[in-house]
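> For reference, this is work-v1.pdb, and it has PDB, C-alpha atoms.
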```
ATOM      1  CA  MET Y   1    -112.653  68.318 292.401  1.00  0.00           C
ATOM      2  CA  ILE Y   2    -111.458  70.131 289.320  1.00  0.00           C
ATOM      3  CA  GLY Y   3    -111.419  73.899 289.718  1.00  0.00           C
ATOM      4  CA  ASP Y   4    -113.801  75.890 287.532  1.00  0.00           C
ATOM      5  CA  ASP Y   5    -111.014  78.260 286.574  1.00  0.00           C
ATOM      6  CA  TRP Y   6    -108.529  75.541 285.621  1.00  0.00           C
ATOM      7  CA  ARG Y   7    -106.884  76.492 282.355  1.00  0.00           C
ATOM      8  CA  TRP Y   8    -107.438  73.064 280.772  1.00  0.00           C
ATOM      9  CA  MET Y   9    -111.202  73.491 281.048  1.00  0.00           C
ATOM     10  CA  ALA Y  10    -111.889  77.224 281.399  1.00  0.00           C
ATOM     11  CA  GLY Y  11    -111.704  78.255 277.738  1.00  0.00           C
ATOM     12  CA  ASP Y  12    -114.156  77.383 274.987  1.00  0.00           C
ATOM     13  CA  ASP Y  13    -111.614  75.299 273.038  1.00  0.00           C
ATOM     14  CA  GLU Y  14    -110.453  73.501 276.180  1.00  0.00           C
ATOM     15  CA  ALA Y  15    -114.012  72.707 277.284  1.00  0.00           C
ATOM     16  CA  ARG Y  16    -114.840  71.430 273.777  1.00  0.00           C
ATOM     17  CA  GLU Y  17    -111.780  69.143 273.765  1.00  0.00           C
ATOM     18  CA  TRP Y  18    -112.681  67.809 277.224  1.00  0.00           C
ATOM     19  CA  GLU Y  19    -116.201  67.001 276.024  1.00  0.00           C
ATOM     20  CA  GLU Y  20    -114.752  65.284 272.934  1.00  0.00           C
ATOM     21  CA  LEU Y  21    -112.403  63.270 275.144  1.00  0.00           C
ATOM     22  CA  LEU Y  22    -115.311  62.203 277.372  1.00  0.00           C
ATOM     23  CA  ALA Y  23    -117.315  61.270 274.262  1.00  0.00           C
ATOM     24  CA  PHE Y  24    -114.381  59.111 273.115  1.00  0.00           C
ATOM     25  CA  ALA Y  25    -114.213  57.462 276.557  1.00  0.00           C
ATOM     26  CA  ARG Y  26    -117.951  56.761 276.480  1.00  0.00           C
ATOM     27  CA  ALA Y  27    -117.886  55.332 272.956  1.00  0.00           C
ATOM     28  CA  ARG Y  28    -114.742  53.204 273.256  1.00  0.00           C
ATOM     29  CA  TYR Y  29    -114.804  52.213 276.938  1.00  0.00           C
ATOM     30  CA  GLY Y  30    -118.434  52.694 278.007  1.00  0.00           C
ATOM     31  CA  TYR Y  31    -117.314  55.346 280.480  1.00  0.00           C
ATOM     32  CA  ASP Y  32    -119.958  57.218 282.437  1.00  0.00           C
ATOM     33  CA  CYS Y  33    -118.543  59.676 284.931  1.00  0.00           C
ATOM     34  CA  ASP Y  34    -122.041  60.345 286.239  1.00  0.00           C
ATOM     35  CA  ASP Y  35    -122.554  56.861 287.659  1.00  0.00           C
ATOM     36  CA  VAL Y  36    -122.601  56.019 291.375  1.00  0.00           C
ATOM     37  CA  ASP Y  37    -119.198  54.313 291.376  1.00  0.00           C
ATOM     38  CA  ASP Y  38    -117.436  57.229 289.694  1.00  0.00           C
ATOM     39  CA  PRO Y  39    -119.527  60.371 290.158  1.00  0.00           C
ATOM     40  CA  ILE Y  40    -116.858  62.855 289.042  1.00  0.00           C
ATOM     41  CA  ALA Y  41    -114.123  63.041 286.481  1.00  0.00           C
ATOM     42  CA  TYR Y  42    -110.611  63.492 287.840  1.00  0.00           C
ATOM     43  CA  GLY Y  43    -107.824  65.862 286.964  1.00  0.00           C
ATOM     44  CA  CYS Y  44    -104.240  65.934 288.145  1.00  0.00           C
ATOM     45  CA  LEU Y  45    -101.593  68.574 288.502  1.00  0.00           C
ATOM     46  CA  GLY Y  46     -99.000  67.622 285.926  1.00  0.00           C
ATOM     47  CA  ASN Y  47     -96.053  68.274 288.181  1.00  0.00           C
ATOM     48  CA  GLY Y  48     -97.033  65.733 290.805  1.00  0.00           C
ATOM     49  CA  PRO Y  49     -98.626  62.557 289.464  1.00  0.00           C
ATOM     50  CA  CYS Y  50     -97.231  59.178 290.474  1.00  0.00           C
ATOM     51  CA  PHE Y  51     -98.013  56.315 288.125  1.00  0.00           C
ATOM     52  CA  PRO Y  52     -96.866  52.701 288.098  1.00  0.00           C
ATOM     53  CA  ARG Y  53     -94.958  51.561 285.038  1.00  0.00           C
ATOM     54  CA  ALA Y  54     -97.777  49.157 284.152  1.00  0.00           C
ATOM     55  CA  PHE Y  55    -100.183  52.085 283.799  1.00  0.00           C
ATOM     56  CA  LEU Y  56     -97.777  53.992 281.572  1.00  0.00           C
ATOM     57  CA  ASP Y  57     -97.360  50.914 279.365  1.00  0.00           C
ATOM     58  CA  ASP Y  58    -101.138  50.393 279.173  1.00  0.00           C
ATOM     59  CA  TYR Y  59    -101.713  54.105 278.532  1.00  0.00           C
ATOM     60  CA  ALA Y  60     -99.252  54.102 275.633  1.00  0.00           C
ATOM     61  CA  ALA Y  61    -100.867  50.956 274.192  1.00  0.00           C
ATOM     62  CA  ALA Y  62    -104.324  52.572 274.425  1.00  0.00           C
ATOM     63  CA  ASP Y  63    -103.088  55.334 272.117  1.00  0.00           C
ATOM     64  CA  PRO Y  64    -105.330  58.072 273.554  1.00  0.00           C
ATOM     65  CA  PRO Y  65    -106.433  60.867 271.241  1.00  0.00           C
ATOM     66  CA  ALA Y  66    -104.619  64.194 271.433  1.00  0.00           C
ATOM     67  CA  LEU Y  67    -107.579  65.919 273.064  1.00  0.00           C
ATOM     68  CA  GLY Y  68    -107.320  68.028 276.186  1.00  0.00           C
ATOM     69  CA  ASN Y  69    -104.182  67.864 278.233  1.00  0.00           C
ATOM     70  CA  ASP Y  70    -102.237  65.124 280.030  1.00  0.00           C
ATOM     71  CA  GLU Y  71    -103.560  66.516 283.319  1.00  0.00           C
ATOM     72  CA  LEU Y  72    -107.007  65.380 282.152  1.00  0.00           C
ATOM     73  CA  ARG Y  73    -106.070  62.346 280.056  1.00  0.00           C
ATOM     74  CA  TYR Y  74    -103.880  60.588 282.655  1.00  0.00           C
ATOM     75  CA  PRO Y  75    -106.476  60.293 285.421  1.00  0.00           C
ATOM     76  CA  LEU Y  76    -109.279  59.592 282.950  1.00  0.00           C
ATOM     77  CA  PHE Y  77    -107.325  56.749 281.367  1.00  0.00           C
ATOM     78  CA  ALA Y  78    -106.273  55.446 284.770  1.00  0.00           C
ATOM     79  CA  ARG Y  79    -109.976  54.974 285.502  1.00  0.00           C
ATOM     80  CA  LEU Y  80    -110.698  53.555 282.042  1.00  0.00           C
ATOM     81  CA  LEU Y  81    -107.851  51.042 282.332  1.00  0.00           C
ATOM     82  CA  GLY Y  82    -108.722  49.977 285.876  1.00  0.00           C
ATOM     83  CA  TYR Y  83    -106.070  51.825 287.865  1.00  0.00           C
ATOM     84  CA  PRO Y  84    -106.995  53.630 291.088  1.00  0.00           C
ATOM     85  CA  VAL Y  85    -106.728  57.400 291.295  1.00  0.00           C
ATOM     86  CA  ALA Y  86    -105.595  58.830 294.615  1.00  0.00           C
ATOM     87  CA  ASP Y  87    -104.454  62.174 295.921  1.00  0.00           C
ATOM     88  CA  THR Y  88    -100.681  62.271 296.437  1.00  0.00           C
ATOM     89  CA  GLY Y  89    -101.072  64.951 299.088  1.00  0.00           C
ATOM     90  CA  PHE Y  90     -98.406  67.102 297.460  1.00  0.00           C
ATOM     91  CA  ARG Y  91    -100.894  69.971 297.670  1.00  0.00           C
ATOM     92  CA  HIS Y  92    -103.500  70.277 300.403  1.00  0.00           C
ATOM     93  CA  ALA Y  93    -106.194  71.797 298.204  1.00  0.00           C
ATOM     94  CA  TRP Y  94    -106.758  72.945 294.646  1.00  0.00           C
ATOM     95  CA  HIS Y  95    -106.029  76.565 295.533  1.00  0.00           C
ATOM     96  CA  CYS Y  96    -103.852  76.656 298.638  1.00  0.00           C
ATOM     97  CA  PRO Y  97    -101.360  79.543 298.693  1.00  0.00           C
ATOM     98  CA  ALA Y  98     -99.720  78.017 301.778  1.00  0.00           C
ATOM     99  CA  ASP Y  99     -98.487  75.174 299.538  1.00  0.00           C
ATOM    100  CA  ASP Y 100     -96.843  77.443 296.965  1.00  0.00           C
ATOM    101  CA  PRO Y 101     -93.509  77.860 298.803  1.00  0.00           C
ATOM    102  CA  TYR Y 102     -93.069  74.068 298.595  1.00  0.00           C
ATOM    103  CA  PHE Y 103     -95.053  72.807 295.638  1.00  0.00           C
ATOM    104  CA  ASN Y 104     -95.760  75.530 293.119  1.00  0.00           C
ATOM    105  CA  VAL Y 105     -97.948  74.341 290.276  1.00  0.00           C
ATOM    106  CA  LEU Y 106     -97.297  77.395 288.140  1.00  0.00           C
ATOM    107  CA  GLY Y 107     -93.548  76.888 288.267  1.00  0.00           C
ATOM    108  CA  ASP Y 108     -93.117  80.653 288.411  1.00  0.00           C
ATOM    109  CA  ARG Y 109     -90.730  80.499 291.359  1.00  0.00           C
ATOM    110  CA  ASN Y 110     -88.093  78.004 292.383  1.00  0.00           C
ATOM    111  CA  ILE Y 111     -88.273  76.213 295.688  1.00  0.00           C
ATOM    112  CA  THR Y 112     -85.207  77.298 297.624  1.00  0.00           C
ATOM    113  CA  ARG Y 113     -82.606  75.028 299.120  1.00  0.00           C
ATOM    114  CA  GLU Y 114     -83.308  76.682 302.486  1.00  0.00           C
ATOM    115  CA  ALA Y 115     -87.028  75.869 302.301  1.00  0.00           C
ATOM    116  CA  ILE Y 116     -86.228  72.261 301.419  1.00  0.00           C
ATOM    117  CA  ALA Y 117     -83.659  71.947 304.223  1.00  0.00           C
ATOM    118  CA  ALA Y 118     -86.121  73.369 306.768  1.00  0.00           C
ATOM    119  CA  GLU Y 119     -88.831  70.895 305.739  1.00  0.00           C
ATOM    120  CA  LEU Y 120     -86.450  67.942 305.721  1.00  0.00           C
ATOM    121  CA  ALA Y 121     -85.361  68.827 309.259  1.00  0.00           C
ATOM    122  CA  LYS Y 122     -88.946  68.378 310.482  1.00  0.00           C
ATOM    123  CA  PRO Y 123     -89.993  64.778 311.214  1.00  0.00           C
ATOM    124  CA  ASP Y 124     -93.364  65.471 309.605  1.00  0.00           C
ATOM    125  CA  GLY Y 125     -92.124  67.958 307.013  1.00  0.00           C
ATOM    126  CA  ARG Y 126     -92.675  67.807 303.299  1.00  0.00           C
ATOM    127  CA  ARG Y 127     -90.711  65.403 301.142  1.00  0.00           C
ATOM    128  CA  ALA Y 128     -91.887  66.497 297.687  1.00  0.00           C
ATOM    129  CA  PHE Y 129     -91.032  69.886 296.171  1.00  0.00           C
ATOM    130  CA  HIS Y 130     -91.643  71.577 292.820  1.00  0.00           C
ATOM    131  CA  PRO Y 131     -89.933  73.171 290.977  1.00  0.00           C
ATOM    132  CA  VAL Y 132     -86.394  72.557 292.171  1.00  0.00           C
ATOM    133  CA  ARG Y 133     -83.833  73.742 289.654  1.00  0.00           C
ATOM    134  CA  ALA Y 134     -80.721  74.013 291.835  1.00  0.00           C
ATOM    135  CA  PRO Y 135     -78.629  71.132 293.163  1.00  0.00           C
ATOM    136  CA  VAL Y 136     -79.741  69.906 296.566  1.00  0.00           C
ATOM    137  CA  CYS Y 137     -76.973  67.378 297.137  1.00  0.00           C
ATOM    138  CA  GLY Y 138     -76.166  66.824 300.766  1.00  0.00           C
ATOM    139  CA  LEU Y 139     -79.668  67.492 302.094  1.00  0.00           C
ATOM    140  CA  HIS Y 140     -81.112  64.658 304.131  1.00  0.00           C
ATOM    141  CA  SER Y 141     -84.295  64.127 306.070  1.00  0.00           C
ATOM    142  CA  GLY Y 142     -84.243  63.326 309.753  1.00  0.00           C
ATOM    143  CA  ARG Y 143     -85.967  60.024 309.008  1.00  0.00           C
ATOM    144  CA  ALA Y 144     -84.026  56.827 309.302  1.00  0.00           C
ATOM    145  CA  THR Y 145     -83.414  55.231 305.930  1.00  0.00           C
ATOM    146  CA  PRO Y 146     -82.183  51.744 305.143  1.00  0.00           C
ATOM    147  CA  SER Y 147     -78.540  51.379 304.340  1.00  0.00           C
ATOM    148  CA  HIS Y 148     -77.724  50.608 300.747  1.00  0.00           C
ATOM    149  CA  ASP Y 149     -74.091  49.826 301.458  1.00  0.00           C
ATOM    150  CA  ALA Y 150     -72.789  46.511 300.214  1.00  0.00           C
ATOM    151  CA  PRO Y 151     -72.298  43.913 302.956  1.00  0.00           C
ATOM    152  CA  GLU Y 152     -68.757  43.449 304.149  1.00  0.00           C
ATOM    153  CA  ARG Y 153     -66.919  40.569 302.557  1.00  0.00           C
ATOM    154  CA  GLY Y 154     -64.988  38.041 304.530  1.00  0.00           C
ATOM    155  CA  THR Y 155     -61.242  37.916 304.049  1.00  0.00           C
TER     156      THR Y 155
END
```
Would you mind writing the file's structure down as structure tokens?

Amino acid sequence: MIGDDWRWMAGDDEAREWEELLAFARARYGYDCDDVDDPIAYGCLGNGPCFPRAFLDDYAAADPPALGNDELRYPLFARLLGYPVADTGFRHAWHCPADDPYFNVLGDRNITREAIAAELAKPDGRRAFHPVRAPVCGLHSGRATPSHDAPERGT
């Protein structure tokens, strides 16, 4: 659920733009976020969404109005265009300080190479980090991964 203090909805201008965006969705797509099948509107944290290429193509073709923020428009248009919305699990909750050392939505601190290495060493550790601004070449998870080497050629 979207947090009441989320910056894209907390201010008067932001709330007005969100209402205008919902009005657009209702008028153009017949959207009703109060119905049984979709009782709430969704939001996403802009540093962690995962979208298929087909959605991005359809979103661009829909030419959404410049109201609100992408963190509101993307999940709204996913619903309008028939794409499922799911939690990536990159954060455990809207406000979860325990997630900040690994996935910091404010971007006010970098995730360290050491924190990444420690998580990758755990079989059930995190595999998504934000923000990472330093090279992390050479770090590998303990999980087995398929080989991408070319097959040997006969002589």
> Closest to His130 in chain Y among Y:Phe55, Y:Tyr29, Y:Tyr42, Y:Phe103, using only C-alpha atoms?
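The closest residue to His130 in chain Y is Y:Phe103.
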> How would you write, as a ChimeraX atom specification, the residues chosen by the PyMOL selection byres ((chain Y and resi 69-81) around 10) on this structure?
/Y:2,7-9,14,17-18,21-22,25-26,28-33,38,41-49,51,55-56,58-59,62,64-68,82-86
> Grab the residues selected above and save them as a PDB file, keeping the file's coordinate frame with C-alpha atoms.

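Printed below is out34.pdb as written:
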```
ATOM      1  CA  ILE Y   2    -111.458  70.131 289.320  1.00  0.00           C
ATOM      2  CA  ARG Y   7    -106.884  76.492 282.355  1.00  0.00           C
ATOM      3  CA  TRP Y   8    -107.438  73.064 280.772  1.00  0.00           C
ATOM      4  CA  MET Y   9    -111.202  73.491 281.048  1.00  0.00           C
ATOM      5  CA  GLU Y  14    -110.453  73.501 276.180  1.00  0.00           C
ATOM      6  CA  GLU Y  17    -111.780  69.143 273.765  1.00  0.00           C
ATOM      7  CA  TRP Y  18    -112.681  67.809 277.224  1.00  0.00           C
ATOM      8  CA  LEU Y  21    -112.403  63.270 275.144  1.00  0.00           C
ATOM      9  CA  LEU Y  22    -115.311  62.203 277.372  1.00  0.00           C
ATOM     10  CA  ALA Y  25    -114.213  57.462 276.557  1.00  0.00           C
ATOM     11  CA  ARG Y  26    -117.951  56.761 276.480  1.00  0.00           C
ATOM     12  CA  ARG Y  28    -114.742  53.204 273.256  1.00  0.00           C
ATOM     13  CA  TYR Y  29    -114.804  52.213 276.938  1.00  0.00           C
ATOM     14  CA  GLY Y  30    -118.434  52.694 278.007  1.00  0.00           C
ATOM     15  CA  TYR Y  31    -117.314  55.346 280.480  1.00  0.00           C
ATOM     16  CA  ASP Y  32    -119.958  57.218 282.437  1.00  0.00           C
ATOM     17  CA  CYS Y  33    -118.543  59.676 284.931  1.00  0.00           C
ATOM     18  CA  ASP Y  38    -117.436  57.229 289.694  1.00  0.00           C
ATOM     19  CA  ALA Y  41    -114.123  63.041 286.481  1.00  0.00           C
ATOM     20  CA  TYR Y  42    -110.611  63.492 287.840  1.00  0.00           C
ATOM     21  CA  GLY Y  43    -107.824  65.862 286.964  1.00  0.00           C
ATOM     22  CA  CYS Y  44    -104.240  65.934 288.145  1.00  0.00           C
ATOM     23  CA  LEU Y  45    -101.593  68.574 288.502  1.00  0.00           C
ATOM     24  CA  GLY Y  46     -99.000  67.622 285.926  1.00  0.00           C
ATOM     25  CA  ASN Y  47     -96.053  68.274 288.181  1.00  0.00           C
ATOM     26  CA  GLY Y  48     -97.033  65.733 290.805  1.00  0.00           C
ATOM     27  CA  PRO Y  49     -98.626  62.557 289.464  1.00  0.00           C
ATOM     28  CA  PHE Y  51     -98.013  56.315 288.125  1.00  0.00           C
ATOM     29  CA  PHE Y  55    -100.183  52.085 283.799  1.00  0.00           C
ATOM     30  CA  LEU Y  56     -97.777  53.992 281.572  1.00  0.00           C
ATOM     31  CA  ASP Y  58    -101.138  50.393 279.173  1.00  0.00           C
ATOM     32  CA  TYR Y  59    -101.713  54.105 278.532  1.00  0.00           C
ATOM     33  CA  ALA Y  62    -104.324  52.572 274.425  1.00  0.00           C
ATOM     34  CA  PRO Y  64    -105.330  58.072 273.554  1.00  0.00           C
ATOM     35  CA  PRO Y  65    -106.433  60.867 271.241  1.00  0.00           C
ATOM     36  CA  ALA Y  66    -104.619  64.194 271.433  1.00  0.00           C
ATOM     37  CA  LEU Y  67    -107.579  65.919 273.064  1.00  0.00           C
ATOM     38  CA  GLY Y  68    -107.320  68.028 276.186  1.00  0.00           C
ATOM     39  CA  GLY Y  82    -108.722  49.977 285.876  1.00  0.00           C
ATOM     40  CA  TYR Y  83    -106.070  51.825 287.865  1.00  0.00           C
ATOM     41  CA  PRO Y  84    -106.995  53.630 291.088  1.00  0.00           C
ATOM     42  CA  VAL Y  85    -106.728  57.400 291.295  1.00  0.00           C
ATOM     43  CA  ALA Y  86    -105.595  58.830 294.615  1.00  0.00           C
TER      44      ALA Y  86
END
```
> Let me make sure I understand: among Y:Arg91, Y:Arg53, Y:Arg16, Y:Arg133, which one has the smallest atom-to-atom distance to Ile111 in chain Y if we use only C-alpha atoms?
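So, comparing all the options, the nearest one is Y:Arg133.
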> For Glu114 in chain Y, find every residue with an atom within 12 Å (counting all atoms listed in the file), except residues of its own chain fewer than 6 positions away, and show them as a PyMOL selection string.
chain Y and resi 101-102+120-121+132+134-136+139
> Can you measure CA of Thr88 in chain Y to CA of Glu19 in chain Y for me? One decimal in Å is fine.
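If I compute the distance from CA of Thr88 in chain Y to CA of Glu19 in chain Y, I get 26.1 Å.
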